[in-house]
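Just work17.tsv here, TSV, C-alpha atoms:
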chain	number	residue	atom	x	y	z
A	239	MET	CA	96.71	-31.59	3.63
A	240	THR	CA	95.27	-33.83	0.95
A	241	GLU	CA	95.68	-32.42	-2.54
A	242	LEU	CA	92.43	-31.51	-4.19
A	243	PHE	CA	93.39	-33.15	-7.44
A	244	SER	CA	95.08	-36.52	-7.81
A	245	GLU	CA	98.28	-36.65	-9.83
A	246	GLU	CA	97.72	-40.41	-10.19
A	247	ALA	CA	94.71	-40.14	-12.48
A	248	ASP	CA	95.31	-42.29	-15.54
A	249	VAL	CA	94.74	-40.60	-18.88
A	250	SER	CA	91.93	-43.08	-19.52
A	251	THR	CA	89.95	-41.42	-16.72
A	252	ARG	CA	90.23	-37.95	-18.19
A	253	ILE	CA	86.96	-36.37	-19.24
A	254	PRO	CA	86.78	-35.57	-22.95
A	255	GLY	CA	84.97	-32.55	-24.29
A	256	PRO	CA	85.28	-29.38	-26.32
A	257	ALA	CA	88.42	-27.32	-25.74
A	258	ALA	CA	86.55	-24.05	-26.14
A	259	ALA	CA	86.97	-23.19	-22.47
A	260	MET	CA	90.74	-22.75	-22.80
A	261	ARG	CA	92.45	-20.42	-25.25
A	262	LYS	CA	95.15	-23.00	-25.90
A	263	ALA	CA	96.42	-26.25	-24.43
A	264	PRO	CA	99.73	-26.21	-22.55
A	265	ARG	CA	102.31	-28.29	-24.40
A	266	GLN	CA	105.60	-27.92	-22.55
A	267	ALA	CA	106.25	-29.19	-19.02
A	268	ARG	CA	106.70	-25.64	-17.73
A	269	SER	CA	103.40	-24.41	-19.18
A	270	ARG	CA	101.56	-27.51	-17.91
A	271	ALA	CA	102.94	-26.88	-14.43
A	272	MET	CA	101.78	-23.26	-14.63
A	273	VAL	CA	98.27	-24.26	-15.72
A	274	ASP	CA	98.12	-26.81	-12.91
A	275	ALA	CA	99.14	-24.09	-10.44
A	276	ILE	CA	96.46	-21.75	-11.80
A	277	VAL	CA	93.74	-24.41	-11.55
A	278	GLU	CA	94.82	-25.34	-8.00
A	279	ALA	CA	94.85	-21.66	-7.01
A	280	GLY	CA	91.44	-21.21	-8.61
A	281	ALA	CA	90.07	-24.05	-6.50
A	282	ARG	CA	91.45	-22.48	-3.32
A	283	VAL	CA	90.04	-19.05	-4.12
A	284	LEU	CA	86.66	-20.46	-5.12
A	285	ASP	CA	86.56	-22.42	-1.87
A	286	ALA	CA	87.46	-19.36	0.21
A	287	ARG	CA	85.52	-16.65	-1.62
A	288	GLY	CA	82.66	-18.36	-3.40
A	289	TRP	CA	81.54	-17.41	-6.89
A	290	ALA	CA	80.69	-13.83	-5.94
A	291	GLY	CA	84.23	-13.19	-4.67
A	292	PHE	CA	86.04	-15.25	-7.30
A	293	THR	CA	88.31	-13.07	-9.48
A	294	THR	CA	91.03	-13.91	-11.95
A	295	ASN	CA	93.29	-11.27	-10.38
A	296	GLU	CA	93.21	-13.04	-7.02
A	297	VAL	CA	93.71	-16.43	-8.65
A	298	ALA	CA	96.79	-15.15	-10.49
A	299	GLY	CA	98.17	-13.75	-7.23
A	300	VAL	CA	97.65	-17.01	-5.34
A	301	ALA	CA	99.18	-18.99	-8.22
A	302	GLY	CA	102.16	-16.65	-8.36
A	303	VAL	CA	101.72	-15.81	-12.04
A	304	SER	CA	100.90	-12.64	-13.90
A	305	ILE	CA	97.33	-11.95	-14.94
A	306	GLY	CA	98.56	-11.97	-18.53
A	307	SER	CA	99.89	-15.51	-18.11
A	308	LEU	CA	96.52	-16.61	-16.75
A	309	TYR	CA	94.69	-15.05	-19.69
A	310	GLN	CA	96.98	-16.87	-22.14
A	311	TYR	CA	95.09	-20.02	-21.19
A	312	PHE	CA	91.79	-18.96	-19.62
A	313	PRO	CA	89.70	-16.23	-21.28
A	314	ASP	CA	87.52	-15.66	-18.20
A	315	LYS	CA	86.70	-17.06	-14.78
A	316	THR	CA	83.97	-19.33	-16.14
A	317	ALA	CA	86.59	-21.12	-18.25
A	318	LEU	CA	88.69	-21.55	-15.12
A	319	VAL	CA	85.76	-23.06	-13.22
A	320	ASP	CA	85.31	-25.45	-16.15
A	321	ALA	CA	88.90	-26.64	-15.65
A	322	ILE	CA	88.36	-27.00	-11.90
A	323	ARG	CA	85.21	-29.06	-12.47
A	324	ARG	CA	86.86	-31.30	-15.05
A	325	ARG	CA	89.80	-31.92	-12.72
A	326	HIS	CA	87.34	-32.85	-10.00
A	327	PHE	CA	85.67	-35.32	-12.36
A	328	ASP	CA	89.08	-36.87	-13.06
A	329	ALA	CA	89.89	-37.14	-9.34
A	330	VAL	CA	86.58	-38.88	-8.59
A	331	LEU	CA	87.12	-41.41	-11.38
A	332	ALA	CA	90.71	-42.01	-10.26
A	333	ALA	CA	89.55	-42.74	-6.70
A	334	LEU	CA	86.93	-45.16	-7.99
A	335	ARG	CA	89.45	-46.87	-10.22
A	336	ARG	CA	91.92	-47.30	-7.35
A	337	ALA	CA	89.18	-48.88	-5.23
A	338	VAL	CA	88.18	-51.24	-8.04
A	339	ASP	CA	91.74	-52.23	-9.00
A	340	GLY	CA	93.27	-52.48	-5.56
A	341	GLN	CA	90.73	-54.30	-3.38
A	342	ALA	CA	89.03	-57.68	-3.63
A	343	ALA	CA	87.11	-58.09	-0.37
A	344	PRO	CA	83.99	-55.98	0.31
A	345	ALA	CA	85.50	-54.43	3.46
A	346	GLY	CA	88.73	-53.35	1.76
A	347	LEU	CA	86.94	-52.02	-1.28
A	348	ALA	CA	84.47	-50.11	0.89
A	349	GLN	CA	87.30	-48.54	2.87
A	350	ALA	CA	89.18	-47.51	-0.28
A	351	LEU	CA	86.01	-46.11	-1.83
A	352	VAL	CA	84.79	-44.19	1.22
A	353	ASP	CA	88.23	-42.87	2.20
A	354	GLY	CA	88.94	-41.80	-1.38
A	355	MET	CA	85.68	-39.90	-1.74
A	356	ILE	CA	86.02	-38.23	1.66
A	357	ALA	CA	89.59	-37.16	0.86
A	358	ILE	CA	88.57	-35.56	-2.44
A	359	HIS	CA	85.81	-33.50	-0.82
A	360	ARG	CA	87.06	-32.88	2.74
A	361	ASP	CA	89.62	-30.10	2.35
A	362	PHE	CA	87.55	-27.88	0.06
A	363	PRO	CA	83.91	-28.47	1.06
A	364	ALA	CA	82.81	-24.96	0.08
A	365	LEU	CA	84.34	-25.42	-3.38
A	366	HIS	CA	82.20	-28.46	-4.04
A	367	ARG	CA	79.09	-26.64	-2.89
A	368	VAL	CA	79.86	-23.97	-5.51
A	369	LEU	CA	80.52	-26.55	-8.23
A	370	LEU	CA	77.21	-28.24	-7.49
A	371	ASP	CA	75.32	-24.96	-7.78
A	372	LEU	CA	77.04	-23.35	-10.78
A	373	PRO	CA	75.98	-24.09	-14.35
A	374	ASN	CA	78.78	-24.87	-16.79
A	375	PRO	CA	78.36	-23.55	-20.31
A	376	TYR	CA	81.69	-24.98	-21.47
A	377	ALA	CA	81.75	-28.61	-20.32
A	378	GLY	CA	78.07	-28.96	-21.13
A	379	GLU	CA	76.21	-32.19	-21.52
A	380	ALA	CA	78.91	-34.10	-23.41
A	381	ALA	CA	81.54	-33.93	-20.67
A	382	HIS	CA	79.02	-34.58	-17.92
A	383	ARG	CA	77.61	-37.55	-19.80
A	384	ALA	CA	81.11	-38.96	-20.36
A	385	PHE	CA	81.81	-38.63	-16.65
A	386	GLN	CA	78.52	-40.25	-15.66
A	387	ASP	CA	79.02	-43.15	-18.08
A	388	GLU	CA	82.45	-44.02	-16.66
A	389	TYR	CA	81.33	-43.31	-13.09
A	390	LEU	CA	78.41	-45.74	-13.34
A	391	ARG	CA	80.50	-48.29	-15.23
A	392	LEU	CA	82.97	-48.42	-12.33
A	393	TYR	CA	80.20	-48.72	-9.77
A	394	GLY	CA	78.76	-51.47	-11.95
A	395	VAL	CA	82.07	-53.34	-11.72
A	396	ILE	CA	81.89	-53.08	-7.92
A	397	VAL	CA	78.31	-54.35	-7.84
A	398	ALA	CA	78.97	-57.23	-10.26
A	399	ARG	CA	82.01	-58.35	-8.30
A	400	HIS	CA	80.25	-58.59	-4.96
A	401	ARG	CA	76.51	-58.94	-5.66
A	402	GLY	CA	76.42	-60.56	-9.07
A	403	PRO	CA	75.19	-59.14	-12.39
A	404	ASP	CA	73.28	-55.89	-12.19
A	405	ASP	CA	69.89	-55.23	-13.76
A	406	ALA	CA	69.92	-54.28	-17.42
A	407	ASP	CA	69.35	-50.66	-16.44
A	408	GLY	CA	72.16	-50.70	-13.87
A	409	VAL	CA	69.76	-50.10	-10.99
A	410	ALA	CA	72.13	-51.42	-8.32
A	411	ALA	CA	75.03	-49.28	-9.58
A	412	HIS	CA	72.76	-46.23	-9.63
A	413	LEU	CA	71.55	-46.95	-6.10
A	414	LEU	CA	75.01	-47.49	-4.60
A	415	SER	CA	76.55	-44.49	-6.35
A	416	SER	CA	73.63	-42.27	-5.35
A	417	ALA	CA	73.91	-43.37	-1.72
A	418	VAL	CA	77.66	-42.65	-1.50
A	419	GLU	CA	77.41	-39.42	-3.48
A	420	GLY	CA	74.44	-38.16	-1.49
A	421	VAL	CA	76.08	-38.82	1.87
A	422	ILE	CA	79.38	-37.23	0.80
A	423	HIS	CA	77.83	-34.12	-0.75
A	424	ASN	CA	75.42	-33.53	2.13
A	425	ALA	CA	78.22	-34.00	4.64
A	426	ALA	CA	80.33	-31.49	2.69
A	427	ARG	CA	77.51	-28.97	2.79
A	428	ARG	CA	77.16	-29.43	6.57
A	429	GLY	CA	80.87	-29.57	7.41
A	430	LEU	CA	80.73	-33.17	8.64
A	431	LEU	CA	83.25	-34.90	6.38
A	432	ALA	CA	85.92	-35.04	9.08
A	433	HIS	CA	83.55	-36.59	11.62
A	434	PRO	CA	84.65	-40.19	12.36
A	435	GLY	CA	81.05	-41.30	12.82
A	436	LEU	CA	80.24	-40.37	9.24
A	437	ARG	CA	83.02	-42.58	7.90
A	438	ARG	CA	81.97	-45.47	10.15
A	439	GLU	CA	78.32	-45.31	9.14
A	440	LEU	CA	79.06	-44.94	5.43
A	441	LEU	CA	81.45	-47.91	5.57
A	442	GLY	CA	78.72	-49.96	7.19
A	443	LEU	CA	76.22	-48.91	4.53
A	444	VAL	CA	78.52	-49.84	1.62
A	445	CYS	CA	79.57	-53.13	3.23
A	446	ALA	CA	75.98	-54.09	3.94
A	447	TYR	CA	74.93	-53.38	0.35
A	448	LEU	CA	77.84	-55.32	-1.15
A	449	SER	CA	77.35	-58.34	1.11
A	450	VAL	CA	74.45	-60.36	-0.26
A	451	GLU	CA	73.90	-62.60	2.76
A	452	ALA	CA	75.28	-60.77	5.80
A	453	ILE	CA	77.63	-58.02	6.90
A	454	PRO	CA	81.16	-59.48	7.18
A	455	ALA	CA	82.72	-59.35	10.64
A	456	GLU	CA	85.42	-56.93	9.47
A	457	CYS	CA	82.82	-54.39	8.27
A	458	PRO	CA	81.49	-51.98	10.88
A	459	ALA	CA	77.79	-52.50	11.43
A	460	PRO	CA	75.69	-49.31	11.29
A	461	SER	CA	74.72	-48.20	14.80
Rewrite the coordinates I just gave you, this time as structure tokens.
Amino acid sequence: MTELFSEEADVSTRIPGPAAAMRKAPRQARSRAMVDAIVEAGARVLDARGWAGFTTNEVAGVAGVSIGSLYQYFPDKTALVDAIRRRHFDAVLAALRRAVDGQAAPAGLAQALVDGMIAIHRDFPALHRVLLDLPNPYAGEAAHRAFQDEYLRLYGVIVARHRGPDDADGVAAHLLSSAVEGVIHNAARRGLLAHPGLRRELLGLVCAYLSVEAIPAECPAPS
């Protein structure tokens, strides 16, 4: 099973923001591993139970830690959801960065981008439905704005590389990111992320948009 959160995310992709959500930051390797286990367990419980059934007691049990250990770092379940959301932001940026850094041709970049986004969302589709619907009083506008700025910057790099300079307002980057995001999130809501036809059609869409003159032969044409 694909891990929900990438361990390869570079620190430069991490989302900054106020630390009010956590009681304290883990400093030793052991405490960092425990916090990672708690956040991963929280994601699994949120995916399985939804917000209404999400409890810190169950998260602690799934993580294999005491409830007291959980509360050393997270004062309540909203703070834990904040950590889950931030980790998701980091995973999305890491997938985009891998696509940008590792692929030159439109077809290869499209495959890396589409496969990375599907992998992040596929195993926990219900979790991402919850994250989309829940407000976040901790991360707030600053963290979301930081994520969006880097997110659109990376899409802008993709657009500039294959279509030429974007409009001053980044219209092309907005359009491409909205198309990929919309398809992925709607497919997650409908349980279609594992469907091979979805991957094929989304690859064709991205390839067609990145290819100014024509769809390259190696890109699948939308049916």
Per residue of stretch 313-378 of chain A within 10 Å of stretch 429-441 of chain A, what are the shortest atom pair and its distance in Å to one decimal, counting only C-alpha atoms, with rows by chain and residue number, as a tab-separated table?
residue	atom	partner	partner_atom	distance
A:Pro344	CA	A:Leu441	CA	10.0
A:Ala345	CA	A:Leu441	CA	8.0
A:Gly346	CA	A:Leu441	CA	9.9
A:Leu347	CA	A:Leu441	CA	9.7
A:Ala348	CA	A:Leu441	CA	6.0
A:Gln349	CA	A:Leu441	CA	6.5
A:Ala350	CA	A:Leu441	CA	9.7
A:Leu351	CA	A:Leu441	CA	8.9
A:Val352	CA	A:Leu441	CA	6.6
A:Asp353	CA	A:Arg437	CA	7.7
A:Met355	CA	A:Leu431	CA	9.8
A:Ile356	CA	A:Leu431	CA	6.4
A:Ala357	CA	A:Leu431	CA	8.7
A:His359	CA	A:Leu431	CA	7.8
A:Arg360	CA	A:Leu431	CA	5.6
A:Asp361	CA	A:Leu431	CA	8.9
A:Pro363	CA	A:Gly429	CA	7.1
A:Ala364	CA	A:Gly429	CA	8.9
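Considering all atoms listed in the file, the residue among A:Leu365, A:Ala329, A:Phe385, A:Ala271 positioned nearest to A:Arg287 is A:Leu365.
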One number please: atom CA of A:Arg367 to atom CA of A:Arg427, in Å, one decimal.
6.3 Å
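If only C-alpha atoms are the atoms counted, then among A:Ala425, A:Val303, A:Val444, A:Ala406 the closest residue to A:Ala275 is A:Val303.
Those residues that approach A:Tyr393 to within 10 Å, counting only C-alpha atoms, are Leu334, Arg335, Val338, Glu388, Tyr389, Val397, Ala398, Arg399, Gly408, Ala410, Ala411, His412, Leu413, Leu414 and Ser415 of chain A; same-chain residues fewer than 4 positions away are not listed.
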Could you write out the selected residues, including C-alpha atoms, as a PDB file, in the coordinates of the input?
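And here's part-v2.pdb as it stands now:
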ATOM      1  CA  LEU A 334      86.930 -45.160  -7.990  1.00  0.00           C
ATOM      2  CA  ARG A 335      89.450 -46.870 -10.220  1.00  0.00           C
ATOM      3  CA  VAL A 338      88.180 -51.240  -8.040  1.00  0.00           C
ATOM      4  CA  GLU A 388      82.450 -44.020 -16.660  1.00  0.00           C
ATOM      5  CA  TYR A 389      81.330 -43.310 -13.090  1.00  0.00           C
ATOM      6  CA  VAL A 397      78.310 -54.350  -7.840  1.00  0.00           C
ATOM      7  CA  ALA A 398      78.970 -57.230 -10.260  1.00  0.00           C
ATOM      8  CA  ARG A 399      82.010 -58.350  -8.300  1.00  0.00           C
ATOM      9  CA  GLY A 408      72.160 -50.700 -13.870  1.00  0.00           C
ATOM     10  CA  ALA A 410      72.130 -51.420  -8.320  1.00  0.00           C
ATOM     11  CA  ALA A 411      75.030 -49.280  -9.580  1.00  0.00           C
ATOM     12  CA  HIS A 412      72.760 -46.230  -9.630  1.00  0.00           C
ATOM     13  CA  LEU A 413      71.550 -46.950  -6.100  1.00  0.00           C
ATOM     14  CA  LEU A 414      75.010 -47.490  -4.600  1.00  0.00           C
ATOM     15  CA  SER A 415      76.550 -44.490  -6.350  1.00  0.00           C
TER      16      SER A 415
END
What is the distance between atom CA of A:Thr293 and atom CA of A:Ala384, in Å to one decimal?
29.0 Å
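Proximity of A:Asp285, A:Leu443, A:Val409, A:Gly306 to A:Val421, computed with only C-alpha atoms, is greatest for A:Leu443.
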Give as a list in words each residue that has an atom at most 10 Å from (98.2, -15.4, -12.0) in the file, counting only C-alpha atoms.
Met272, Val273, Ala275, Ile276, Ala279, Gly280, Thr294, Asn295, Glu296, Val297, Ala298, Gly299, Val300, Ala301, Gly302, Val303, Ser304, Ile305, Gly306, Ser307, Leu308 and Tyr309 of chain A
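Ranking A:Glu419, A:Asp407, A:Asp387, A:Asp274 by their shortest atom-to-atom distance to A:Arg325, with all atoms listed in the file included, puts A:Asp274 first.
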Which value, in Å to one decimal, gives the distance between atom CA of A:Ala267 and atom CA of A:Arg336?
25.9 Å
Min atom-atom distance to A:Ala380 from the set A:Gly288, A:Arg324, A:Ala333, A:Val368, counting only C-alpha atoms, belongs to A:Arg324
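Using all atoms listed in the file, the shortest contact distance between A:Val277 and any of A:Asp405, A:Asp328, A:Asp320, A:Asp371 is found at A:Asp320.
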Can you rebuild stretch 352-377 of chain A with N, CA, C and O atoms and give it as a PDB file, in the coordinates of the input?
ATOM      1  N   VAL A 352      85.247 -45.233   0.304  1.00  0.00           N
ATOM      2  CA  VAL A 352      84.790 -44.190   1.220  1.00  0.00           C
ATOM      3  C   VAL A 352      85.921 -43.224   1.550  1.00  0.00           C
ATOM      4  O   VAL A 352      85.749 -41.998   1.514  1.00  0.00           O
ATOM      5  N   ASP A 353      87.111 -43.745   1.861  1.00  0.00           N
ATOM      6  CA  ASP A 353      88.230 -42.870   2.200  1.00  0.00           C
ATOM      7  C   ASP A 353      88.641 -42.009   1.008  1.00  0.00           C
ATOM      8  O   ASP A 353      88.991 -40.834   1.174  1.00  0.00           O
ATOM      9  N   GLY A 354      88.596 -42.586  -0.197  1.00  0.00           N
ATOM     10  CA  GLY A 354      88.940 -41.800  -1.380  1.00  0.00           C
ATOM     11  C   GLY A 354      87.971 -40.673  -1.626  1.00  0.00           C
ATOM     12  O   GLY A 354      88.375 -39.536  -1.910  1.00  0.00           O
ATOM     13  N   MET A 355      86.673 -40.935  -1.496  1.00  0.00           N
ATOM     14  CA  MET A 355      85.680 -39.900  -1.740  1.00  0.00           C
ATOM     15  C   MET A 355      85.702 -38.822  -0.646  1.00  0.00           C
ATOM     16  O   MET A 355      85.547 -37.631  -0.937  1.00  0.00           O
ATOM     17  N   ILE A 356      85.921 -39.224   0.588  1.00  0.00           N
ATOM     18  CA  ILE A 356      86.020 -38.230   1.660  1.00  0.00           C
ATOM     19  C   ILE A 356      87.231 -37.339   1.434  1.00  0.00           C
ATOM     20  O   ILE A 356      87.158 -36.112   1.575  1.00  0.00           O
ATOM     21  N   ALA A 357      88.374 -37.943   1.056  1.00  0.00           N
ATOM     22  CA  ALA A 357      89.590 -37.160   0.860  1.00  0.00           C
ATOM     23  C   ALA A 357      89.431 -36.126  -0.245  1.00  0.00           C
ATOM     24  O   ALA A 357      89.908 -34.989  -0.122  1.00  0.00           O
ATOM     25  N   ILE A 358      88.754 -36.491  -1.323  1.00  0.00           N
ATOM     26  CA  ILE A 358      88.570 -35.560  -2.440  1.00  0.00           C
ATOM     27  C   ILE A 358      87.747 -34.348  -2.021  1.00  0.00           C
ATOM     28  O   ILE A 358      88.005 -33.221  -2.455  1.00  0.00           O
ATOM     29  N   HIS A 359      86.759 -34.562  -1.163  1.00  0.00           N
ATOM     30  CA  HIS A 359      85.810 -33.500  -0.820  1.00  0.00           C
ATOM     31  C   HIS A 359      86.116 -32.778   0.485  1.00  0.00           C
ATOM     32  O   HIS A 359      85.620 -31.677   0.709  1.00  0.00           O
ATOM     33  N   ARG A 360      86.941 -33.383   1.362  1.00  0.00           N
ATOM     34  CA  ARG A 360      87.060 -32.880   2.740  1.00  0.00           C
ATOM     35  C   ARG A 360      87.733 -31.514   2.838  1.00  0.00           C
ATOM     36  O   ARG A 360      87.283 -30.641   3.588  1.00  0.00           O
ATOM     37  N   ASP A 361      88.830 -31.311   2.135  1.00  0.00           N
ATOM     38  CA  ASP A 361      89.620 -30.100   2.350  1.00  0.00           C
ATOM     39  C   ASP A 361      89.026 -28.858   1.716  1.00  0.00           C
ATOM     40  O   ASP A 361      89.379 -27.742   2.105  1.00  0.00           O
ATOM     41  N   PHE A 362      88.157 -29.028   0.739  1.00  0.00           N
ATOM     42  CA  PHE A 362      87.550 -27.880   0.060  1.00  0.00           C
ATOM     43  C   PHE A 362      86.033 -28.048  -0.012  1.00  0.00           C
ATOM     44  O   PHE A 362      85.459 -28.051  -1.106  1.00  0.00           O
ATOM     45  N   PRO A 363      85.361 -28.207   1.110  1.00  0.00           N
ATOM     46  CA  PRO A 363      83.910 -28.470   1.060  1.00  0.00           C
ATOM     47  C   PRO A 363      83.121 -27.337   0.431  1.00  0.00           C
ATOM     48  O   PRO A 363      82.133 -27.570  -0.268  1.00  0.00           O
ATOM     49  N   ALA A 364      83.541 -26.092   0.662  1.00  0.00           N
ATOM     50  CA  ALA A 364      82.810 -24.960   0.080  1.00  0.00           C
ATOM     51  C   ALA A 364      82.957 -24.942  -1.437  1.00  0.00           C
ATOM     52  O   ALA A 364      82.030 -24.562  -2.162  1.00  0.00           O
ATOM     53  N   LEU A 365      84.125 -25.350  -1.937  1.00  0.00           N
ATOM     54  CA  LEU A 365      84.340 -25.420  -3.380  1.00  0.00           C
ATOM     55  C   LEU A 365      83.314 -26.338  -4.018  1.00  0.00           C
ATOM     56  O   LEU A 365      82.703 -26.000  -5.035  1.00  0.00           O
ATOM     57  N   HIS A 366      83.103 -27.492  -3.429  1.00  0.00           N
ATOM     58  CA  HIS A 366      82.200 -28.460  -4.040  1.00  0.00           C
ATOM     59  C   HIS A 366      80.749 -28.006  -3.949  1.00  0.00           C
ATOM     60  O   HIS A 366      79.945 -28.324  -4.819  1.00  0.00           O
ATOM     61  N   ARG A 367      80.428 -27.233  -2.930  1.00  0.00           N
ATOM     62  CA  ARG A 367      79.090 -26.640  -2.890  1.00  0.00           C
ATOM     63  C   ARG A 367      78.900 -25.695  -4.071  1.00  0.00           C
ATOM     64  O   ARG A 367      77.850 -25.683  -4.714  1.00  0.00           O
ATOM     65  N   VAL A 368      79.944 -24.905  -4.380  1.00  0.00           N
ATOM     66  CA  VAL A 368      79.860 -23.970  -5.510  1.00  0.00           C
ATOM     67  C   VAL A 368      79.739 -24.742  -6.820  1.00  0.00           C
ATOM     68  O   VAL A 368      78.914 -24.413  -7.682  1.00  0.00           O
ATOM     69  N   LEU A 369      80.556 -25.785  -6.990  1.00  0.00           N
ATOM     70  CA  LEU A 369      80.520 -26.550  -8.230  1.00  0.00           C
ATOM     71  C   LEU A 369      79.160 -27.210  -8.451  1.00  0.00           C
ATOM     72  O   LEU A 369      78.706 -27.330  -9.586  1.00  0.00           O
ATOM     73  N   LEU A 370      78.529 -27.638  -7.365  1.00  0.00           N
ATOM     74  CA  LEU A 370      77.210 -28.240  -7.490  1.00  0.00           C
ATOM     75  C   LEU A 370      76.156 -27.227  -7.931  1.00  0.00           C
ATOM     76  O   LEU A 370      75.188 -27.568  -8.614  1.00  0.00           O
ATOM     77  N   ASP A 371      76.348 -25.980  -7.531  1.00  0.00           N
ATOM     78  CA  ASP A 371      75.320 -24.960  -7.780  1.00  0.00           C
ATOM     79  C   ASP A 371      75.520 -24.198  -9.084  1.00  0.00           C
ATOM     80  O   ASP A 371      74.570 -23.629  -9.620  1.00  0.00           O
ATOM     81  N   LEU A 372      76.770 -24.161  -9.591  1.00  0.00           N
ATOM     82  CA  LEU A 372      77.040 -23.350 -10.780  1.00  0.00           C
ATOM     83  C   LEU A 372      76.756 -24.115 -12.066  1.00  0.00           C
ATOM     84  O   LEU A 372      77.145 -25.268 -12.209  1.00  0.00           O
ATOM     85  N   PRO A 373      76.099 -23.482 -13.028  1.00  0.00           N
ATOM     86  CA  PRO A 373      75.980 -24.090 -14.350  1.00  0.00           C
ATOM     87  C   PRO A 373      77.332 -24.043 -15.049  1.00  0.00           C
ATOM     88  O   PRO A 373      78.203 -23.256 -14.674  1.00  0.00           O
ATOM     89  N   ASN A 374      77.519 -24.874 -16.052  1.00  0.00           N
ATOM     90  CA  ASN A 374      78.780 -24.870 -16.790  1.00  0.00           C
ATOM     91  C   ASN A 374      78.527 -24.827 -18.284  1.00  0.00           C
ATOM     92  O   ASN A 374      78.258 -25.854 -18.896  1.00  0.00           O
ATOM     93  N   PRO A 375      78.650 -23.653 -18.885  1.00  0.00           N
ATOM     94  CA  PRO A 375      78.360 -23.550 -20.310  1.00  0.00           C
ATOM     95  C   PRO A 375      79.424 -24.163 -21.198  1.00  0.00           C
ATOM     96  O   PRO A 375      79.200 -24.385 -22.380  1.00  0.00           O
ATOM     97  N   TYR A 376      80.611 -24.435 -20.644  1.00  0.00           N
ATOM     98  CA  TYR A 376      81.690 -24.980 -21.470  1.00  0.00           C
ATOM     99  C   TYR A 376      81.664 -26.508 -21.512  1.00  0.00           C
ATOM    100  O   TYR A 376      81.630 -27.117 -22.557  1.00  0.00           O
ATOM    101  N   ALA A 377      81.711 -27.150 -20.336  1.00  0.00           N
ATOM    102  CA  ALA A 377      81.750 -28.610 -20.320  1.00  0.00           C
ATOM    103  C   ALA A 377      80.465 -29.185 -20.910  1.00  0.00           C
ATOM    104  O   ALA A 377      80.483 -30.124 -21.686  1.00  0.00           O
TER     105      ALA A 377
END
